[in-house]
Amino acid sequence: MTAAEGIDLDARYTVAGFGAVAFYVEGPEVERYWDLDEGISWEEPEERETGMMRAVMVGDDRVWVVDPSDLTKLGELDYCAECGQVGCAGDGRDDRTEDAMEDREREAIRERLHLEDRTADELREMVDTVPLDVAELEVVSDELSYVTELEEEHERGAHADTLRGDCPLCAELTE
Ligand SMILES: [Zn+2]
Ligand SMILES: [Zn+2]
């Protein structure tokens with residue numbers, strides 16, 4: 001196994017000893033060598049990986065040679081794409097506020113559980129039969145009360161003229 005294996009060149013890492021700064025990995029460090037026993041003369045040296053990696057700080061261009069075992073992978077939004085500091089949001093990438101993180105988490109749960117266009121009955125069945133964790137249960141319960149309201153509206157005929165895109169009963173009509 002070469003040092004490059006297991007290293008994600010698209011990811012960002014912290015490096016032990018460098019503090020809270022993000023690095024990207026350019027690739028393995030390579031050295032030239034010759035070995036007369038192997039028939040490799042110094043006039044025509046060959047290249048081999050040293051086992052170390054070439055890493056560059058985000059926002060900088062100096063190359064550091066680091067031990068791959070000193071690398072810790074960072075999450076997509078854990079670091080600043082401009083200054084490289086872990087925890088800095090100065091690059092303006094996405095919204096890292098707690099509310100925005102929670103919204104993304106809820107959206108991910110909705111997608112995972114395919115909550116789109118579920119009827120209240122289907123959602124109730126999901127609560128009864130599918131093992132859900134606390135966060136999932138909260139999202140499904142919210143969806144259930146929302147859809148229950150929509151269905152009541154629908155029954156009252158409020159959607160008769162303009163079908164509502166997020167109403168599961170309207171969705172059934174258009175299928
Ligand atoms: Zn920054
Ligand atoms: Zn409707």
# chains A, B, ... in the order shown; residues from 1 in each chain; ligands from 1
$ select_by_dssp --residues "chain A" --states "alpha helix (DSSP H)" --output "MDAnalysis selection string"
chainID A and resid 98:112 120:129 134:155 168:174
$ select_by_dssp --residues "chain A" --states "strand (DSSP E or B)" --output "VMD selection string"
chain A and resid 13 to 15 21 23 to 33 35 40 46 to 57 63 to 66 71 to 73 79 85 to 86
$ residues_near_ligand --ligand "ligand 2" --cutoff "10 Å" --atoms "only C-alpha atoms and all ligand atoms" --output "PyMOL selection string"
chain A and resi 147+150-173
$ write_last_selection --atoms "C-alpha atoms" --output "PDB file, in the first residue's frame"
ATOM      1  CA  VAL A 147     -50.301  17.472   5.963  1.00  0.00           C
ATOM      2  CA  LEU A 150     -53.604  20.524   4.206  1.00  0.00           C
ATOM      3  CA  GLU A 151     -55.934  17.550   3.905  1.00  0.00           C
ATOM      4  CA  GLU A 152     -58.579  19.289   6.001  1.00  0.00           C
ATOM      5  CA  GLU A 153     -58.252  22.308   3.742  1.00  0.00           C
ATOM      6  CA  HIS A 154     -58.547  20.004   0.752  1.00  0.00           C
ATOM      7  CA  GLU A 155     -61.667  18.287   2.119  1.00  0.00           C
ATOM      8  CA  ARG A 156     -63.241  21.711   2.648  1.00  0.00           C
ATOM      9  CA  GLY A 157     -62.691  22.286  -1.064  1.00  0.00           C
ATOM     10  CA  ALA A 158     -60.175  25.056  -0.589  1.00  0.00           C
ATOM     11  CA  HIS A 159     -57.883  23.500  -3.226  1.00  0.00           C
ATOM     12  CA  ALA A 160     -60.621  22.911  -5.775  1.00  0.00           C
ATOM     13  CA  ASP A 161     -59.729  25.787  -8.078  1.00  0.00           C
ATOM     14  CA  THR A 162     -55.970  25.851  -7.642  1.00  0.00           C
ATOM     15  CA  LEU A 163     -54.385  22.501  -6.883  1.00  0.00           C
ATOM     16  CA  ARG A 164     -51.745  22.850  -4.187  1.00  0.00           C
ATOM     17  CA  GLY A 165     -48.382  21.383  -5.071  1.00  0.00           C
ATOM     18  CA  ASP A 166     -47.579  20.294  -1.527  1.00  0.00           C
ATOM     19  CA  CYS A 167     -51.002  18.723  -0.881  1.00  0.00           C
ATOM     20  CA  PRO A 168     -50.835  14.912  -1.244  1.00  0.00           C
ATOM     21  CA  LEU A 169     -54.542  14.726  -2.154  1.00  0.00           C
ATOM     22  CA  CYS A 170     -54.048  17.273  -4.928  1.00  0.00           C
ATOM     23  CA  ALA A 171     -51.019  15.283  -6.061  1.00  0.00           C
ATOM     24  CA  GLU A 172     -53.205  12.174  -6.366  1.00  0.00           C
ATOM     25  CA  LEU A 173     -55.641  14.103  -8.595  1.00  0.00           C
TER      26      LEU A 173
END
$ residues_around --residues "A:Tyr33" --least-positions-apart "2" --cutoff "7 Å" --atoms "only C-alpha atoms" --output "ChimeraX atom specification"
/A:31,35,45-47
$ write_last_selection --atoms "N, CA and C atoms" --output "PDB file, in the first residue's frame"
ATOM      1  N   GLU A  31      10.941  10.716  -4.387  1.00  0.00           N
ATOM      2  CA  GLU A  31      12.381  11.005  -4.407  1.00  0.00           C
ATOM      3  C   GLU A  31      13.036  10.225  -5.559  1.00  0.00           C
ATOM      4  N   ASP A  35      20.476   2.648  -7.414  1.00  0.00           N
ATOM      5  CA  ASP A  35      20.923   1.498  -6.641  1.00  0.00           C
ATOM      6  C   ASP A  35      21.621   0.557  -7.631  1.00  0.00           C
ATOM      7  N   PRO A  45      18.636   7.929 -12.635  1.00  0.00           N
ATOM      8  CA  PRO A  45      17.942   7.556 -11.402  1.00  0.00           C
ATOM      9  C   PRO A  45      16.458   7.292 -11.654  1.00  0.00           C
ATOM     10  N   GLU A  46      15.844   6.514 -10.765  1.00  0.00           N
ATOM     11  CA  GLU A  46      14.405   6.287 -10.860  1.00  0.00           C
ATOM     12  C   GLU A  46      13.710   7.020  -9.724  1.00  0.00           C
ATOM     13  N   GLU A  47      12.391   7.043  -9.772  1.00  0.00           N
ATOM     14  CA  GLU A  47      11.626   7.741  -8.740  1.00  0.00           C
ATOM     15  C   GLU A  47      10.855   6.742  -7.892  1.00  0.00           C
TER      16      GLU A  47
END
$ residues_around --residues "A:Lys73" --least-positions-apart "4" --cutoff "9 Å" --atoms "only C-alpha atoms" --output "ChimeraX atom specification"
/A:7-8,11-14
$ write_last_selection --atoms "N, CA and C atoms" --output "PDB file, in the first residue's frame"
ATOM      1  N   ILE A   7      -5.890   8.646   1.060  1.00  0.00           N
ATOM      2  CA  ILE A   7      -5.875  10.104   1.145  1.00  0.00           C
ATOM      3  C   ILE A   7      -6.755  10.655   0.025  1.00  0.00           C
ATOM      4  N   ASP A   8      -7.696  11.508   0.416  1.00  0.00           N
ATOM      5  CA  ASP A   8      -8.628  12.083  -0.545  1.00  0.00           C
ATOM      6  C   ASP A   8      -8.072  13.429  -1.019  1.00  0.00           C
ATOM      7  N   ALA A  11     -10.311  16.405  -0.524  1.00  0.00           N
ATOM      8  CA  ALA A  11     -10.703  16.784   0.842  1.00  0.00           C
ATOM      9  C   ALA A  11      -9.687  17.753   1.439  1.00  0.00           C
ATOM     10  N   ARG A  12     -10.021  18.262   2.606  1.00  0.00           N
ATOM     11  CA  ARG A  12      -9.101  19.123   3.343  1.00  0.00           C
ATOM     12  C   ARG A  12      -8.800  18.446   4.670  1.00  0.00           C
ATOM     13  N   TYR A  13      -7.592  18.695   5.174  1.00  0.00           N
ATOM     14  CA  TYR A  13      -7.136  18.022   6.388  1.00  0.00           C
ATOM     15  C   TYR A  13      -6.490  19.014   7.346  1.00  0.00           C
ATOM     16  N   THR A  14      -6.534  18.704   8.641  1.00  0.00           N
ATOM     17  CA  THR A  14      -5.612  19.365   9.549  1.00  0.00           C
ATOM     18  C   THR A  14      -4.393  18.465   9.666  1.00  0.00           C
TER      19      THR A  14
END
$ residues_around --residues "A:Glu49" --least-positions-apart "4" --cutoff "7 Å" --atoms "only C-alpha atoms" --output "count of residues only"
4
$ closest_atom_pairs --of "chain A" --to "ligand 1" --cutoff "10 Å" --atoms "only C-alpha atoms and all ligand atoms" --output "JSON lines"
{"residue": "A:Gly59", "atom": "CA", "partner": "ligand 1", "partner_atom_place_in_ligand_line": "1 (Zn)", "distance": 9.5}
{"residue": "A:Tyr79", "atom": "CA", "partner": "ligand 1", "partner_atom_place_in_ligand_line": "1 (Zn)", "distance": 7.7}
{"residue": "A:Cys80", "atom": "CA", "partner": "ligand 1", "partner_atom_place_in_ligand_line": "1 (Zn)", "distance": 4.6}
{"residue": "A:Ala81", "atom": "CA", "partner": "ligand 1", "partner_atom_place_in_ligand_line": "1 (Zn)", "distance": 6.8}
{"residue": "A:Glu82", "atom": "CA", "partner": "ligand 1", "partner_atom_place_in_ligand_line": "1 (Zn)", "distance": 5.3}
{"residue": "A:Cys83", "atom": "CA", "partner": "ligand 1", "partner_atom_place_in_ligand_line": "1 (Zn)", "distance": 4.2}
{"residue": "A:Gly84", "atom": "CA", "partner": "ligand 1", "partner_atom_place_in_ligand_line": "1 (Zn)", "distance": 6.1}
{"residue": "A:Gln85", "atom": "CA", "partner": "ligand 1", "partner_atom_place_in_ligand_line": "1 (Zn)", "distance": 5.6}
{"residue": "A:Val86", "atom": "CA", "partner": "ligand 1", "partner_atom_place_in_ligand_line": "1 (Zn)", "distance": 8.1}
{"residue": "A:Gly87", "atom": "CA", "partner": "ligand 1", "partner_atom_place_in_ligand_line": "1 (Zn)", "distance": 8.1}
{"residue": "A:Cys88", "atom": "CA", "partner": "ligand 1", "partner_atom_place_in_ligand_line": "1 (Zn)", "distance": 4.6}
{"residue": "A:Ala89", "atom": "CA", "partner": "ligand 1", "partner_atom_place_in_ligand_line": "1 (Zn)", "distance": 5.7}
{"residue": "A:Gly90", "atom": "CA", "partner": "ligand 1", "partner_atom_place_in_ligand_line": "1 (Zn)", "distance": 4.2}
{"residue": "A:Asp91", "atom": "CA", "partner": "ligand 1", "partner_atom_place_in_ligand_line": "1 (Zn)", "distance": 5.7}
{"residue": "A:Gly92", "atom": "CA", "partner": "ligand 1", "partner_atom_place_in_ligand_line": "1 (Zn)", "distance": 8.8}
$ write_last_selection --atoms "N, CA and C atoms" --output "PDB file, in the first residue's frame"
ATOM      1  N   GLY A  59      -5.031  28.761   1.073  1.00  0.00           N
ATOM      2  CA  GLY A  59      -4.718  30.189   1.029  1.00  0.00           C
ATOM      3  C   GLY A  59      -3.231  30.477   0.944  1.00  0.00           C
ATOM      4  N   TYR A  79     -13.939  24.347   7.559  1.00  0.00           N
ATOM      5  CA  TYR A  79     -12.818  25.264   7.433  1.00  0.00           C
ATOM      6  C   TYR A  79     -13.205  26.405   6.492  1.00  0.00           C
ATOM      7  N   CYS A  80     -12.418  27.473   6.530  1.00  0.00           N
ATOM      8  CA  CYS A  80     -12.657  28.636   5.664  1.00  0.00           C
ATOM      9  C   CYS A  80     -11.871  28.453   4.370  1.00  0.00           C
ATOM     10  N   ALA A  81     -12.564  28.555   3.239  1.00  0.00           N
ATOM     11  CA  ALA A  81     -11.898  28.337   1.950  1.00  0.00           C
ATOM     12  C   ALA A  81     -10.950  29.493   1.604  1.00  0.00           C
ATOM     13  N   GLU A  82     -11.083  30.627   2.311  1.00  0.00           N
ATOM     14  CA  GLU A  82     -10.213  31.761   2.015  1.00  0.00           C
ATOM     15  C   GLU A  82      -8.963  31.793   2.890  1.00  0.00           C
ATOM     16  N   CYS A  83      -9.164  31.780   4.218  1.00  0.00           N
ATOM     17  CA  CYS A  83      -7.992  31.910   5.086  1.00  0.00           C
ATOM     18  C   CYS A  83      -7.513  30.554   5.608  1.00  0.00           C
ATOM     19  N   GLY A  84      -8.319  29.502   5.412  1.00  0.00           N
ATOM     20  CA  GLY A  84      -7.893  28.173   5.823  1.00  0.00           C
ATOM     21  C   GLY A  84      -8.110  27.854   7.286  1.00  0.00           C
ATOM     22  N   GLN A  85      -8.582  28.844   8.083  1.00  0.00           N
ATOM     23  CA  GLN A  85      -8.785  28.573   9.509  1.00  0.00           C
ATOM     24  C   GLN A  85      -9.971  27.632   9.720  1.00  0.00           C
ATOM     25  N   VAL A  86      -9.775  26.660  10.577  1.00  0.00           N
ATOM     26  CA  VAL A  86     -10.880  25.782  10.946  1.00  0.00           C
ATOM     27  C   VAL A  86     -11.825  26.580  11.843  1.00  0.00           C
ATOM     28  N   GLY A  87     -13.121  26.581  11.488  1.00  0.00           N
ATOM     29  CA  GLY A  87     -14.100  27.292  12.304  1.00  0.00           C
ATOM     30  C   GLY A  87     -14.397  28.687  11.811  1.00  0.00           C
ATOM     31  N   CYS A  88     -13.605  29.222  10.873  1.00  0.00           N
ATOM     32  CA  CYS A  88     -13.886  30.550  10.309  1.00  0.00           C
ATOM     33  C   CYS A  88     -14.881  30.391   9.158  1.00  0.00           C
ATOM     34  N   ALA A  89     -15.890  31.284   9.099  1.00  0.00           N
ATOM     35  CA  ALA A  89     -16.900  31.207   8.037  1.00  0.00           C
ATOM     36  C   ALA A  89     -16.770  32.401   7.103  1.00  0.00           C
ATOM     37  N   GLY A  90     -15.601  33.064   7.121  1.00  0.00           N
ATOM     38  CA  GLY A  90     -15.391  34.293   6.357  1.00  0.00           C
ATOM     39  C   GLY A  90     -15.488  34.129   4.856  1.00  0.00           C
ATOM     40  N   ASP A  91     -15.446  32.894   4.366  1.00  0.00           N
ATOM     41  CA  ASP A  91     -15.532  32.686   2.919  1.00  0.00           C
ATOM     42  C   ASP A  91     -16.965  32.787   2.413  1.00  0.00           C
ATOM     43  N   GLY A  92     -17.933  32.877   3.351  1.00  0.00           N
ATOM     44  CA  GLY A  92     -19.333  33.024   2.943  1.00  0.00           C
ATOM     45  C   GLY A  92     -19.925  31.795   2.285  1.00  0.00           C
TER      46      GLY A  92
END
$ atom_distance --atom1 "atom CA of A:Ala16" --atom2 "atom CA of A:Arg48"
24.8 Å
$ residues_around --residues "A:Asp67" --least-positions-apart "6" --cutoff "8 Å" --atoms "only C-alpha atoms" --output "ChimeraX atom specification"
/A:51-53
